[in-house]
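Everything on this sheet refers to the single structure shown next.
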Amino acid sequence: MLVIILGIALLIGLYIFNTQRQLVNLDELCKNAFSQIAVQLNSRWDAVMALAKMTAQYSKHESETIIKAIEARRQSGPVTTPQQFNEQQGALSEVLGRLMVVHEAYPELKANEQYNKTMDSINQYEEKVRMSRMVYNDTATKMNRMVRQWPSSFVANMLNFGEKEYLKVDEEKKQSYPNLDEAFK
């Protein structure tokens, strides 16, 4: 009887040990994925700043306003939570919107090769951020499943592992996609 009880205790101990290792692994993967997003976001801000400085040649007043806005938003500190990331996304979209207005107002800026290269690099950073967001949300999903499903939820709760917050969809970008239902009528 004692051997059976020790065997069950050993199995429970091994399960808790294994589950804790899986939870730590997923938690670290979430942190890494989010860190990658922060790096890409910082690079994107650098590219936007370069673009804003380039527009200064064409439109002094507008570009000074945009540069001040970029510096103010960027000084808000490092992005450490999904909520802060979502706020940075909104700020970046607003700044890019202002740059597009300047771009439209100055036709000679549209033809500038350096401007076009910088816009291409911003688009590349956008794609990298999009991919990094997907990796983070996929990892957060795995973590959240483990935290919520029984019996691993018991271990997660016992070891203070919680659910990860997802990064939200940029509703403004989502609305800018073409409506395929309308296009094919």
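A note on labels: chains of the structure tokens are A, B, ... as shown, every chain counts residues from 1, and ligands are counted from 1 in their shown order.
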Item to check | 9 Å contact set for segment 132-136 of chain A, only C-alpha atoms, chain neighbours under 3 positions out, as a ChimeraX atom specification | outcome: /A:29-34,36-37,40,127-129,139-141,166-167
Write a file of the selected residues as a PDB file, in the first residue's frame, keeping C-alpha atoms.
ATOM      1  CA  LEU A  29       8.645  32.437 -25.331  1.00  0.00           C
ATOM      2  CA  CYS A  30       5.970  35.106 -24.738  1.00  0.00           C
ATOM      3  CA  LYS A  31       8.548  37.479 -23.275  1.00  0.00           C
ATOM      4  CA  ASN A  32      10.910  36.855 -26.178  1.00  0.00           C
ATOM      5  CA  ALA A  33       8.192  37.361 -28.789  1.00  0.00           C
ATOM      6  CA  PHE A  34       7.099  40.590 -27.130  1.00  0.00           C
ATOM      7  CA  GLN A  36      11.023  41.179 -30.703  1.00  0.00           C
ATOM      8  CA  ILE A  37       7.967  43.362 -31.253  1.00  0.00           C
ATOM      9  CA  GLN A  40      10.732  46.199 -34.483  1.00  0.00           C
ATOM     10  CA  GLU A 127       5.574  43.427 -42.082  1.00  0.00           C
ATOM     11  CA  LYS A 128       8.121  42.422 -39.433  1.00  0.00           C
ATOM     12  CA  VAL A 129       5.908  43.820 -36.683  1.00  0.00           C
ATOM     13  CA  THR A 139       2.558  31.835 -28.079  1.00  0.00           C
ATOM     14  CA  ALA A 140       0.108  33.631 -25.784  1.00  0.00           C
ATOM     15  CA  THR A 141      -2.626  31.279 -27.012  1.00  0.00           C
ATOM     16  CA  TYR A 166      -3.342  39.416 -26.644  1.00  0.00           C
ATOM     17  CA  LEU A 167      -2.265  42.192 -28.968  1.00  0.00           C
TER      18      LEU A 167
END
Next on the checklist: When you count only C-alpha atoms, which of these residues is closest to Leu92 of chain A: A:Thr80, A:Asn42, A:Asn116, A:Gln22?
Outcome noted: A:Asn42
Checklist entry - Leaving out Ala47 of chain A and any residue of its chain fewer than 5 positions from it, which residues lie within 8 Å of it when counting only C-alpha atoms, given as a PyMOL selection string? => result chain A and resi 118+121-122
Selection to disk with C-alpha atoms, as a short mmCIF file (atom, residue, chain, number, x, y, z; two decimals), in the first residue's frame:
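To be explicit, this is the file written out as out34.cif:
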data_model
loop_
_atom_site.label_atom_id
_atom_site.label_comp_id
_atom_site.auth_asym_id
_atom_site.auth_seq_id
_atom_site.Cartn_x
_atom_site.Cartn_y
_atom_site.Cartn_z
CA THR A 118 12.35 55.18 -46.61
CA SER A 121 11.70 50.37 -45.24
CA ILE A 122 8.71 51.46 -43.14
#
Checklist entry - Interatomic distance between atom CA of Phe85 of chain A and atom CA of Ala38 of chain A? => result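 Atom-to-atom, atom CA of Phe85 of chain A to atom CA of Ala38 of chain A, that is 7.9 Å.
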